[in-house]
$ cat input_24.csv   # CSV, C-alpha atoms and all ligand atoms
chain,number,residue,atom,x,y,z
O,10,MET,CA,109.2,34.6,-28.3
O,11,THR,CA,106.5,34.1,-30.9
O,12,GLU,CA,102.9,35.3,-30.6
O,13,PRO,CA,100.6,33.2,-28.4
O,14,VAL,CA,98.5,30.8,-30.5
O,15,THR,CA,94.9,31.6,-30.6
O,16,GLY,CA,92.2,29.0,-31.3
O,17,ASP,CA,90.9,27.9,-34.6
O,18,PRO,CA,88.3,30.2,-36.0
O,19,VAL,CA,85.3,29.8,-33.8
O,20,PRO,CA,81.9,29.5,-35.5
O,21,ALA,CA,80.8,33.0,-36.5
O,22,GLY,CA,78.6,34.8,-34.0
O,23,VAL,CA,79.1,32.3,-31.2
O,24,LEU,CA,78.9,34.3,-27.9
O,25,ARG,CA,80.9,32.0,-25.8
O,26,PRO,CA,83.0,29.3,-27.5
O,27,HIS,CA,83.9,26.2,-25.5
O,28,ALA,CA,87.4,25.9,-24.2
O,29,GLU,CA,88.3,23.3,-26.8
O,30,GLN,CA,87.2,25.7,-29.5
O,31,GLU,CA,88.7,28.8,-28.2
O,32,TYR,CA,92.1,27.1,-27.4
O,33,ALA,CA,92.1,24.6,-30.3
O,34,GLY,CA,95.4,26.0,-31.5
O,35,GLU,CA,97.1,25.6,-28.2
O,36,LEU,CA,95.8,22.1,-27.7
O,37,ALA,CA,96.9,21.1,-31.2
O,38,ARG,CA,100.4,22.4,-30.6
O,39,LEU,CA,100.6,20.7,-27.3
O,40,ALA,CA,99.6,17.4,-28.9
O,41,GLU,CA,102.3,17.8,-31.5
O,42,HIS,CA,105.0,18.2,-28.9
O,43,ASP,CA,103.7,15.7,-26.5
O,44,ASP,CA,105.8,12.5,-26.5
O,45,ARG,CA,105.0,11.4,-23.0
O,46,PRO,CA,102.7,8.4,-22.3
O,47,ARG,CA,99.0,9.2,-22.4
O,48,PRO,CA,96.6,7.4,-20.2
O,49,PRO,CA,94.1,5.3,-22.2
O,50,GLY,CA,91.4,7.5,-23.8
O,51,TRP,CA,93.3,10.7,-23.2
O,52,ARG,CA,94.2,13.2,-25.9
O,53,LEU,CA,97.3,14.5,-24.0
O,54,SER,CA,99.7,13.3,-21.4
O,55,PRO,CA,99.2,14.5,-17.8
O,56,TRP,CA,102.3,16.7,-18.3
O,57,ALA,CA,100.7,18.3,-21.4
O,58,VAL,CA,97.4,18.8,-19.6
O,59,THR,CA,99.1,20.5,-16.7
O,60,THR,CA,101.1,22.7,-19.1
O,61,TYR,CA,97.8,23.7,-20.9
O,62,LEU,CA,96.3,24.7,-17.5
O,63,LEU,CA,99.3,26.5,-16.1
O,64,GLY,CA,100.9,27.9,-19.2
O,65,GLY,CA,104.4,27.5,-20.5
O,66,GLU,CA,106.6,27.6,-23.6
O,67,LEU,CA,107.0,24.8,-26.0
O,68,PRO,CA,110.2,24.0,-28.0
O,69,GLY,CA,110.1,26.3,-31.0
O,70,GLY,CA,108.7,29.1,-29.0
O,71,THR,CA,105.0,28.4,-28.9
O,72,VAL,CA,103.5,30.1,-25.9
O,73,ILE,CA,100.7,28.4,-24.0
O,74,THR,CA,98.7,30.9,-22.0
O,75,PRO,CA,98.0,30.2,-18.3
O,76,LYS,CA,94.4,29.3,-17.6
O,77,TYR,CA,94.7,28.7,-13.9
O,78,VAL,CA,96.9,31.1,-11.8
O,79,GLY,CA,97.9,29.5,-8.6
O,80,ARG,CA,99.8,26.6,-7.1
O,81,ARG,CA,101.1,24.1,-9.6
O,82,ARG,CA,100.8,21.2,-7.1
O,83,LEU,CA,97.0,21.6,-7.0
O,84,MET,CA,96.7,21.1,-10.7
O,85,GLU,CA,99.2,18.2,-10.6
O,86,VAL,CA,97.1,16.5,-8.0
O,87,ALA,CA,93.9,17.1,-9.9
O,88,VAL,CA,95.4,15.7,-13.2
O,89,ALA,CA,97.0,12.7,-11.4
O,90,THR,CA,93.6,11.9,-9.8
O,91,LEU,CA,91.9,11.8,-13.2
O,92,ALA,CA,94.6,9.4,-14.5
O,93,THR,CA,93.5,6.9,-11.8
O,94,ASP,CA,90.0,5.3,-11.5
O,95,ARG,CA,88.9,7.9,-9.0
O,96,ALA,CA,86.8,10.9,-9.8
O,97,LEU,CA,87.7,14.5,-9.0
O,98,LEU,CA,85.8,16.9,-6.7
O,99,LEU,CA,86.8,20.6,-6.9
O,100,LEU,CA,85.7,22.3,-3.8
O,101,GLY,CA,86.0,26.0,-2.8
O,102,VAL,CA,84.2,29.2,-2.1
O,103,PRO,CA,82.4,30.9,-5.1
O,104,GLY,CA,84.7,32.4,-7.7
O,105,THR,CA,87.8,30.2,-7.1
O,106,ALA,CA,87.7,28.9,-10.7
O,107,LYS,CA,86.2,25.5,-10.0
O,108,THR,CA,84.0,25.6,-13.1
O,109,TRP,CA,86.7,27.2,-15.1
O,110,VAL,CA,89.3,24.5,-14.2
O,111,ALA,CA,86.8,21.7,-14.8
O,112,GLU,CA,86.0,23.0,-18.2
O,113,HIS,CA,89.7,23.3,-19.2
O,114,LEU,CA,90.5,19.9,-17.8
O,115,ALA,CA,87.7,18.2,-19.8
O,116,ALA,CA,88.8,20.1,-22.9
O,117,ALA,CA,92.4,19.1,-22.6
O,118,ILE,CA,91.8,15.5,-21.6
O,119,SER,CA,88.8,14.6,-23.8
O,120,GLY,CA,88.7,17.4,-26.3
O,121,ASP,CA,85.1,17.9,-25.2
O,122,SER,CA,83.9,20.0,-22.2
O,123,THR,CA,80.2,19.9,-23.1
O,124,LEU,CA,79.2,16.7,-21.3
O,125,LEU,CA,77.8,18.6,-18.4
O,126,VAL,CA,75.1,18.1,-15.8
O,127,GLN,CA,74.1,21.2,-13.8
O,128,GLY,CA,73.2,20.4,-10.2
O,129,THR,CA,70.2,22.2,-8.8
O,130,ALA,CA,67.5,21.3,-6.3
O,131,GLY,CA,65.4,20.3,-9.2
O,132,THR,CA,67.9,18.0,-10.9
O,133,ALA,CA,66.2,14.6,-11.6
O,134,GLU,CA,67.7,11.2,-11.8
O,135,GLU,CA,67.3,11.2,-15.6
O,136,ALA,CA,70.0,13.9,-15.8
O,137,ILE,CA,72.4,11.4,-14.4
O,138,ARG,CA,71.1,8.2,-15.8
O,139,TYR,CA,68.8,8.4,-18.9
O,140,GLY,CA,65.3,9.4,-19.9
O,141,TRP,CA,62.8,8.4,-22.6
O,142,ASN,CA,61.4,10.1,-25.6
O,143,TYR,CA,57.8,9.6,-24.6
O,144,ALA,CA,56.3,9.8,-28.1
O,145,ARG,CA,58.6,7.0,-29.2
O,146,LEU,CA,58.2,5.0,-26.0
O,147,LEU,CA,54.4,5.1,-26.4
O,148,ALA,CA,54.5,4.3,-30.1
O,149,GLU,CA,57.1,1.6,-30.1
O,150,GLY,CA,57.7,0.5,-26.5
O,151,PRO,CA,61.1,0.7,-24.8
O,152,SER,CA,63.9,0.5,-27.4
O,153,GLU,CA,67.4,1.9,-27.9
O,154,LYS,CA,65.9,4.5,-30.1
O,155,ALA,CA,63.4,5.7,-27.4
O,156,LEU,CA,66.2,6.1,-24.8
O,157,VAL,CA,67.5,9.5,-24.2
O,158,GLU,CA,71.0,9.3,-22.8
O,159,SER,CA,72.3,11.7,-20.1
O,160,PRO,CA,75.6,13.5,-20.6
O,161,LEU,CA,77.0,11.1,-18.1
O,162,MET,CA,75.9,8.1,-20.1
O,163,ARG,CA,77.3,9.6,-23.2
O,164,ALA,CA,80.6,10.3,-21.5
O,165,MET,CA,80.7,6.6,-20.4
O,166,ARG,CA,80.1,5.4,-23.9
O,167,LEU,CA,82.7,7.7,-25.5
O,168,GLY,CA,85.3,7.3,-22.8
O,169,SER,CA,85.2,11.1,-22.0
O,170,VAL,CA,85.2,13.3,-19.0
O,171,ALA,CA,81.7,14.1,-17.7
O,172,ARG,CA,81.3,17.3,-15.6
O,173,ILE,CA,78.9,17.7,-12.8
O,174,GLU,CA,78.4,21.3,-11.6
O,175,GLU,CA,77.3,22.1,-8.0
O,176,LEU,CA,77.1,18.4,-7.0
O,177,THR,CA,75.8,19.2,-3.5
O,178,ARG,CA,72.8,21.2,-4.7
O,179,MET,CA,71.3,18.0,-6.1
O,180,PRO,CA,69.0,16.0,-3.9
O,181,SER,CA,70.8,13.2,-2.1
O,182,ASP,CA,69.0,10.4,-3.8
O,183,VAL,CA,70.0,11.8,-7.2
O,184,GLN,CA,73.6,12.1,-6.0
O,185,ASP,CA,73.4,8.5,-5.0
O,186,ALA,CA,72.7,7.4,-8.6
O,187,LEU,CA,76.3,8.2,-9.2
O,188,ILE,CA,77.6,5.6,-6.8
O,189,THR,CA,77.2,2.6,-9.1
O,190,VAL,CA,78.6,4.5,-12.0
O,191,LEU,CA,81.7,5.5,-10.1
O,192,SER,CA,82.3,2.2,-8.4
O,193,GLU,CA,81.2,-0.3,-11.0
O,194,LYS,CA,81.8,1.9,-14.1
O,195,THR,CA,78.5,0.7,-15.6
O,196,LEU,CA,75.0,2.1,-16.0
O,197,PRO,CA,72.3,-0.6,-16.0
O,198,VAL,CA,69.3,-0.1,-18.2
O,199,PRO,CA,66.8,-2.7,-16.8
O,200,GLU,CA,64.0,-1.7,-19.2
O,201,LEU,CA,66.2,-3.0,-22.1
O,202,SER,CA,68.0,-5.7,-20.1
O,203,THR,CA,71.2,-4.1,-20.9
O,204,GLU,CA,73.9,-1.8,-19.6
O,205,VAL,CA,76.3,0.8,-20.8
O,206,GLN,CA,79.9,0.0,-19.7
O,207,ALA,CA,82.2,2.9,-19.4
O,208,ARG,CA,85.1,2.9,-21.9
O,209,LYS,CA,88.6,3.8,-20.9
O,210,GLY,CA,89.0,7.6,-20.5
O,211,PHE,CA,85.7,8.0,-18.7
O,212,THR,CA,85.8,9.9,-15.5
O,213,VAL,CA,83.9,12.6,-13.6
O,214,ILE,CA,84.9,16.1,-12.5
O,215,ALA,CA,82.4,17.5,-10.1
O,216,THR,CA,82.4,20.9,-8.4
O,217,ALA,CA,80.9,21.9,-5.2
O,218,ASN,CA,80.5,25.1,-3.3
O,219,ASP,CA,81.9,25.5,0.2
O,220,ARG,CA,79.0,27.8,1.0
O,221,ASP,CA,76.4,25.2,0.2
O,222,ARG,CA,77.7,22.9,2.9
O,223,GLY,CA,74.8,21.5,4.7
O,224,VAL,CA,72.3,22.0,1.8
O,225,ASN,CA,72.7,18.4,0.7
O,226,GLU,CA,75.7,16.9,2.4
O,227,LEU,CA,77.7,14.6,0.1
O,228,SER,CA,77.0,11.1,1.4
O,229,SER,CA,80.1,9.3,2.7
O,230,ALA,CA,79.6,6.5,0.2
O,231,LEU,CA,79.9,9.1,-2.6
O,232,ARG,CA,82.7,11.1,-1.0
O,233,ARG,CA,84.8,7.9,-0.9
O,234,ARG,CA,84.7,7.8,-4.7
O,235,PHE,CA,86.1,11.3,-5.1
O,236,ASN,CA,89.5,12.8,-4.5
O,237,THR,CA,88.9,16.3,-3.3
O,238,VAL,CA,91.0,19.3,-4.4
O,239,VAL,CA,90.3,22.5,-2.6
O,240,LEU,CA,90.8,25.6,-4.7
O,241,PRO,CA,91.9,28.5,-2.6
O,242,LEU,CA,91.3,32.2,-3.0
O,243,PRO,CA,94.4,33.9,-4.6
O,244,ASP,CA,97.2,34.2,-2.1
O,245,THR,CA,98.3,37.7,-2.9
O,246,VAL,CA,96.9,40.9,-4.3
O,247,GLU,CA,99.4,40.6,-7.2
O,248,ASP,CA,98.1,37.1,-8.1
O,249,GLU,CA,94.5,38.3,-8.0
O,250,VAL,CA,95.3,41.5,-10.1
O,251,ASP,CA,97.0,39.2,-12.6
O,252,ILE,CA,94.0,36.9,-12.9
O,253,VAL,CA,91.5,39.8,-13.3
O,254,ALA,CA,93.7,41.6,-15.9
O,255,ARG,CA,94.0,38.4,-18.0
O,256,ARG,CA,90.3,37.6,-17.9
O,257,VAL,CA,89.2,41.1,-18.5
O,258,ASP,CA,91.4,41.4,-21.6
O,259,ARG,CA,90.0,38.2,-23.0
O,260,ILE,CA,86.4,39.0,-22.2
O,261,GLY,CA,86.8,42.6,-23.6
O,262,ALA,CA,88.2,41.2,-26.8
O,263,SER,CA,85.4,38.6,-27.2
O,264,LEU,CA,82.7,41.2,-26.6
O,265,GLU,CA,84.4,43.4,-29.1
O,266,LEU,CA,84.3,46.3,-26.7
O,267,PRO,CA,86.0,49.4,-28.1
O,268,GLN,CA,89.7,49.2,-27.0
O,269,ALA,CA,89.9,50.7,-23.6
O,270,PRO,CA,93.0,49.5,-21.7
O,271,ALA,CA,92.1,48.3,-18.2
O,272,GLY,CA,94.4,50.4,-16.0
O,273,LEU,CA,96.2,48.1,-13.6
O,274,GLU,CA,95.8,50.7,-11.0
O,275,GLU,CA,92.0,50.6,-11.2
O,276,ILE,CA,92.1,46.8,-11.1
O,277,ARG,CA,94.3,46.8,-8.1
O,278,ARG,CA,91.9,49.1,-6.3
O,279,VAL,CA,88.9,47.0,-7.0
O,280,VAL,CA,90.8,43.9,-5.9
O,281,THR,CA,92.1,45.6,-2.8
O,282,VAL,CA,88.6,46.7,-1.8
O,283,PHE,CA,87.2,43.2,-2.2
O,284,ARG,CA,90.1,41.5,-0.4
O,285,GLU,CA,89.9,43.9,2.5
O,286,LEU,CA,86.1,43.5,2.9
O,287,ARG,CA,86.1,39.7,2.6
O,288,SER,CA,89.0,39.3,5.0
O,289,GLY,CA,87.7,41.9,7.5
O,290,LEU,CA,91.1,43.6,7.7
O,291,THR,CA,92.8,46.4,5.9
O,292,SER,CA,95.8,45.5,3.8
O,293,ASP,CA,98.2,47.1,6.3
O,294,GLY,CA,96.7,44.9,9.0
O,295,ARG,CA,95.8,47.9,11.1
O,296,THR,CA,92.0,48.3,10.9
O,297,LYS,CA,89.4,45.6,11.5
O,298,LEU,CA,86.4,45.7,9.2
O,299,LYS,CA,83.0,44.2,9.1
O,300,SER,CA,82.5,41.8,6.1
O,301,PRO,CA,79.4,42.2,4.0
O,302,SER,CA,77.1,39.3,3.2
O,303,ALA,CA,78.0,39.3,-0.5
O,304,THR,CA,80.7,37.0,-2.0
O,305,LEU,CA,83.4,39.3,-3.1
O,306,GLY,CA,85.5,36.9,-5.1
O,307,THR,CA,87.7,37.1,-8.1
O,308,ALA,CA,84.7,36.5,-10.4
O,309,GLU,CA,82.9,39.6,-9.0
O,310,ALA,CA,86.1,41.7,-9.5
O,311,ILE,CA,86.2,40.6,-13.1
O,312,SER,CA,82.6,41.6,-13.7
O,313,VAL,CA,83.0,45.0,-12.0
O,314,ILE,CA,86.0,45.8,-14.2
O,315,THR,CA,84.3,44.5,-17.4
O,316,SER,CA,81.2,46.7,-16.8
O,317,GLY,CA,83.5,49.6,-16.0
O,318,LEU,CA,85.3,49.1,-19.3
O,319,ALA,CA,82.0,49.2,-21.1
O,320,LEU,CA,81.1,52.4,-19.4
O,321,ALA,CA,84.4,54.0,-20.1
O,322,ALA,CA,84.4,52.8,-23.8
O,323,HIS,CA,80.8,53.9,-24.6
O,324,PHE,CA,80.2,56.9,-22.3
O,325,GLY,CA,83.6,58.0,-21.1
O,326,ASP,CA,86.9,59.0,-22.7
O,327,GLY,CA,88.0,55.4,-23.2
O,328,VAL,CA,90.1,55.3,-20.1
O,329,LEU,CA,88.9,53.3,-17.1
O,330,ARG,CA,88.4,55.7,-14.2
O,331,ALA,CA,87.2,55.6,-10.6
O,332,ALA,CA,83.7,56.7,-11.6
O,333,ASP,CA,83.4,53.8,-14.0
O,334,VAL,CA,83.9,51.2,-11.3
O,335,ALA,CA,82.3,52.9,-8.3
O,336,GLY,CA,78.8,51.9,-9.2
O,337,GLY,CA,79.8,48.3,-9.8
O,338,ILE,CA,81.7,48.0,-6.6
O,339,VAL,CA,78.8,49.4,-4.5
O,340,GLY,CA,76.4,47.1,-6.3
O,341,ALA,CA,78.6,44.1,-5.6
O,342,VAL,CA,79.1,44.9,-1.9
O,343,VAL,CA,75.6,46.1,-1.0
O,344,GLN,CA,73.5,43.0,-1.6
O,345,ASP,CA,71.4,43.4,1.6
O,346,PRO,CA,70.1,47.0,1.5
O,347,VAL,CA,70.2,47.4,5.2
O,348,SER,CA,73.2,45.6,6.8
O,349,ASP,CA,75.5,45.7,3.9
O,350,ARG,CA,75.0,49.4,3.4
O,351,VAL,CA,76.1,50.0,7.0
O,352,VAL,CA,79.2,47.9,6.3
O,353,TRP,CA,80.0,49.8,3.1
O,354,GLN,CA,79.5,53.3,4.7
O,355,GLU,CA,81.8,52.4,7.5
O,356,TYR,CA,84.5,51.2,5.1
O,357,LEU,CA,84.0,54.3,2.9
O,358,GLU,CA,84.4,56.8,5.7
O,359,ALA,CA,87.0,54.9,7.8
O,360,VAL,CA,89.3,53.6,5.1
O,361,VAL,CA,88.7,55.0,1.7
O,362,ARG,CA,88.5,58.6,2.8
O,363,ASP,CA,91.8,58.4,4.5
O,364,ARG,CA,93.8,57.3,1.5
O,365,PRO,CA,95.1,60.4,-0.3
O,366,GLU,CA,95.6,58.6,-3.6
O,367,TRP,CA,92.0,57.3,-3.5
O,368,ARG,CA,90.4,60.7,-3.5
O,369,ASP,CA,88.8,60.4,-6.9
O,370,PHE,CA,87.5,57.0,-5.9
O,371,TYR,CA,86.0,58.3,-2.6
O,372,ARG,CA,84.2,61.1,-4.4
O,373,ALA,CA,82.8,58.7,-7.0
O,374,CYS,CA,81.6,56.3,-4.4
O,375,ARG,CA,79.9,59.1,-2.4
O,376,GLU,CA,78.0,60.0,-5.5
O,377,VAL,CA,76.6,56.5,-6.1
O,378,SER,CA,76.2,55.4,-2.4
C,401,LIG,N1,93.1,31.2,-9.7
C,401,LIG,C1,92.5,31.6,-10.8
C,401,LIG,N2,93.1,31.4,-12.0
C,401,LIG,C2,92.5,31.8,-13.1
C,401,LIG,N3,91.3,32.3,-13.2
C,401,LIG,C3,90.6,32.5,-12.1
C,401,LIG,C4,91.2,32.1,-10.8
C,401,LIG,N4,90.3,32.4,-9.8
C,401,LIG,C5,89.2,32.9,-10.5
C,401,LIG,N5,89.4,32.9,-11.8
C,401,LIG,C6,88.4,33.5,-12.8
C,401,LIG,O1,87.2,33.7,-12.1
C,401,LIG,C7,86.1,33.4,-12.9
C,401,LIG,C8,85.0,32.7,-12.1
C,401,LIG,O2,85.4,31.4,-11.9
C,401,LIG,P1,84.4,30.2,-11.8
C,401,LIG,O3,85.1,29.0,-12.3
C,401,LIG,O4,83.1,30.5,-12.4
C,401,LIG,O5,84.2,30.1,-10.2
C,401,LIG,P2,83.5,29.0,-9.3
C,401,LIG,O6,83.0,27.9,-10.2
C,401,LIG,O7,84.6,28.5,-8.4
C,401,LIG,O8,82.5,29.7,-8.6
C,401,LIG,C9,86.6,32.6,-14.1
C,401,LIG,O9,86.4,33.5,-15.2
C,401,LIG,C10,88.1,32.5,-13.9
C,401,LIG,O10,88.8,32.8,-15.0
C,402,MG,MG,81.0,27.3,-10.6

$ encode --input "input_24.csv" --output "structure tokens" --more "lines below"
Ligand SMILES: Nc1ncnc2c1ncn2[C@@H]1O[C@H](COP(=O)(O)OP(=O)(O)O)[C@@H](O)[C@H]1O
Ligand SMILES: [Mg+2]
Amino acid sequence: MTEPVTGDPVPAGVLRPHAEQEYAGELARLAEHDDRPRPPGWRLSPWAVTTYLLGGELPGGTVITPKYVGRRRLMEVAVATLATDRALLLLGVPGTAKTWVAEHLAAAISGDSTLLVQGTAGTAEEAIRYGWNYARLLAEGPSEKALVESPLMRAMRLGSVARIEELTRMPSDVQDALITVLSEKTLPVPELSTEVQARKGFTVIATANDRDRGVNELSSALRRRFNTVVLPLPDTVEDEVDIVARRVDRIGASLELPQAPAGLEEIRRVVTVFRELRSGLTSDGRTKLKSPSATLGTAEAISVITSGLALAAHFGDGVLRAADVAGGIVGAVVQDPVSDRVVWQEYLEAVVRDRPEWRDFYRACREVS
């Protein structure tokens, strides 16, 4: 087995390279080996896109690292959807890799993950359609040059994937601006008596948060234009530890933290605590627990471990220990200073204290609680 391929050199000093930059090497290797049919406008075949997401080994020994850890079928359904004329909606609770998967899909299919609209309560229609450069508009009147295209319009013109983050946080009338685009594949510009017709390869990947349900319900007209793929929380502790370990490794390297190996034992402990609290049951199935208000997803576990590594590297002896993660865990669990604190104290005294191999952790948590 040869070394995994890393990306092309990323522009110096860039804090967070886009997926297509960071994994340029892998994407190029995949394209070389990809002799299957590519849908019009796609850089890779659906098979190669799926391999990019799930990882694998190419003839000649090139290793493609897994980006998404989970059921293959989910990614196959997502990729197959994008090869039709339907858009893709990734749905799930926070931290289930919706944004992450959307970015990697766009990178693999279009070679560009940056055509992105962020949905918030304040997202205006211009973010979906187009706006105007007002200085030009006043000076010259409406013209092609005065038009400021949205990421969506640009994606239509280029035949690329457009991403919409947190679709259901946008006001409903703004969401509805998408209907024409998705059904007619065109964006009219009445001011110029013209339109932008989408080129082949254009599609939309939207993400939405389960917890936002009811904020701005997705209209049924819009829902019909999307195929929905629900991303689940990791099935097992092992899967989740694997995801956290991979991400932490990568993040640590990109932050150039002094080398401090993330002990799998410590990762497993953080993951176990989060899984037990969010499911309301200890892992042996014996004790019922109260769940805190906080989201204790994979993403939170990743950030607790990363902060712990920084503590260990800069202020400790370079080895991740219970004391380095205790503060982060308590901070993640106790979001509401009153109710969550009660939940945490109960967990600490009823569960953590009784585990002989968790003694160091119990002590460290007592100190910061
Ligand atoms: N199943 C998974 N496979 C790979 N990475 C995952 C998985 N679940 C979560 N992650 C990691 O969790 C982090 C947060 O994911 P993110 O895409 O921001 O979540 P969401 O958008 O669903 O709230 C990402 O860094 C991602 O690597
Ligand atoms: Mg997200």

$ closest_atom_pairs --input "input_24.csv" --of "chain O" --to "ligand MG 402 (chain C)" --cutoff "7 Å" --atoms "only C-alpha atoms and all ligand atoms" --output "JSON lines"
{"residue": "O:Pro103", "atom": "CA", "partner": "C:MG402", "partner_atom": "MG", "distance": 6.7}
{"residue": "O:Gly104", "atom": "CA", "partner": "C:MG402", "partner_atom": "MG", "distance": 6.9}
{"residue": "O:Ala106", "atom": "CA", "partner": "C:MG402", "partner_atom": "MG", "distance": 6.9}
{"residue": "O:Lys107", "atom": "CA", "partner": "C:MG402", "partner_atom": "MG", "distance": 5.5}
{"residue": "O:Thr108", "atom": "CA", "partner": "C:MG402", "partner_atom": "MG", "distance": 4.3}
{"residue": "O:Glu174", "atom": "CA", "partner": "C:MG402", "partner_atom": "MG", "distance": 6.6}
{"residue": "O:Glu175", "atom": "CA", "partner": "C:MG402", "partner_atom": "MG", "distance": 6.9}
{"residue": "O:Thr216", "atom": "CA", "partner": "C:MG402", "partner_atom": "MG", "distance": 6.9}

$ atom_distance --input "input_24.csv" --atom1 "atom CA of Val213 of chain O" --atom2 "atom CA of Leu156 of chain O"
21.9 Å

$ residues_near_ligand --input "input_24.csv" --ligand "ligand LIG 401 (chain C)" --cutoff "7 Å" --atoms "only C-alpha atoms and all ligand atoms" --output "VMD selection string"
chain O and resid 76 to 79 101 to 110 242 to 243 252 256 307 to 308

$ residues_around --input "input_24.csv" --residues "segment 227-232 of chain O" --least-positions-apart "3" --cutoff "10 Å" --atoms "all atoms listed in the file" --output "ChimeraX atom specification"
/O:96,98,176-182,184-189,191-192,217,222-224,235-237

$ atom_distance --input "input_24.csv" --atom1 "atom CA of Val347 of chain O" --atom2 "atom CA of Ala335 of chain O"
18.9 Å

$ residues_around --input "input_24.csv" --residues "Leu114 of chain O" --least-positions-apart "3" --cutoff "10 Å" --atoms "only C-alpha atoms" --output "NGL selection string"
:O and (28-29 or 58-59 or 61-62 or 84 or 87-88 or 91 or 108-111 or 117-122 or 170 or 172 or 214)

$ residues_near_point --input "input_24.csv" --point "(81.4, 59.7, -2.5)" --cutoff "12 Å" --atoms "all atoms listed in the file" --output "compact mmCIF listing (two decimals) with C-alpha atoms, keeping the file's coordinate frame"
# COMPACT_ATOMS: atom_id res chain seq x y z
CA ALA O 331 87.20 55.60 -10.60
CA ALA O 332 83.70 56.70 -11.60
CA ALA O 335 82.30 52.90 -8.30
CA GLY O 336 78.80 51.90 -9.20
CA VAL O 339 78.80 49.40 -4.50
CA TRP O 353 80.00 49.80 3.10
CA GLN O 354 79.50 53.30 4.70
CA TYR O 356 84.50 51.20 5.10
CA LEU O 357 84.00 54.30 2.90
CA GLU O 358 84.40 56.80 5.70
CA VAL O 361 88.70 55.00 1.70
CA ARG O 362 88.50 58.60 2.80
CA TRP O 367 92.00 57.30 -3.50
CA ARG O 368 90.40 60.70 -3.50
CA ASP O 369 88.80 60.40 -6.90
CA PHE O 370 87.50 57.00 -5.90
CA TYR O 371 86.00 58.30 -2.60
CA ARG O 372 84.20 61.10 -4.40
CA ALA O 373 82.80 58.70 -7.00
CA CYS O 374 81.60 56.30 -4.40
CA ARG O 375 79.90 59.10 -2.40
CA GLU O 376 78.00 60.00 -5.50
CA VAL O 377 76.60 56.50 -6.10
CA SER O 378 76.20 55.40 -2.40

$ atom_distance --input "input_24.csv" --atom1 "atom CA of Ala33 of chain O" --atom2 "atom CA of Arg47 of chain O"
18.6 Å

$ closest_residue --input "input_24.csv" --among "O:Pro267, O:Lys154, O:Val343, O:Arg80" --to "Gly325 of chain O" --atoms "only C-alpha atoms"
O:Pro267

$ residues_around --input "input_24.csv" --residues "segment 199-210 of chain O" --least-positions-apart "3" --cutoff "10 Å" --atoms "only C-alpha atoms" --output "PyMOL selection string"
chain O and resi 48-52+91-94+118-119+150-153+156+161-170+190-191+193-196+213

$ closest_residue --input "input_24.csv" --among "O:Ser263, O:Ser316, O:Thr296, O:Ser302" --to "Asp363 of chain O" --atoms "only C-alpha atoms"
O:Thr296
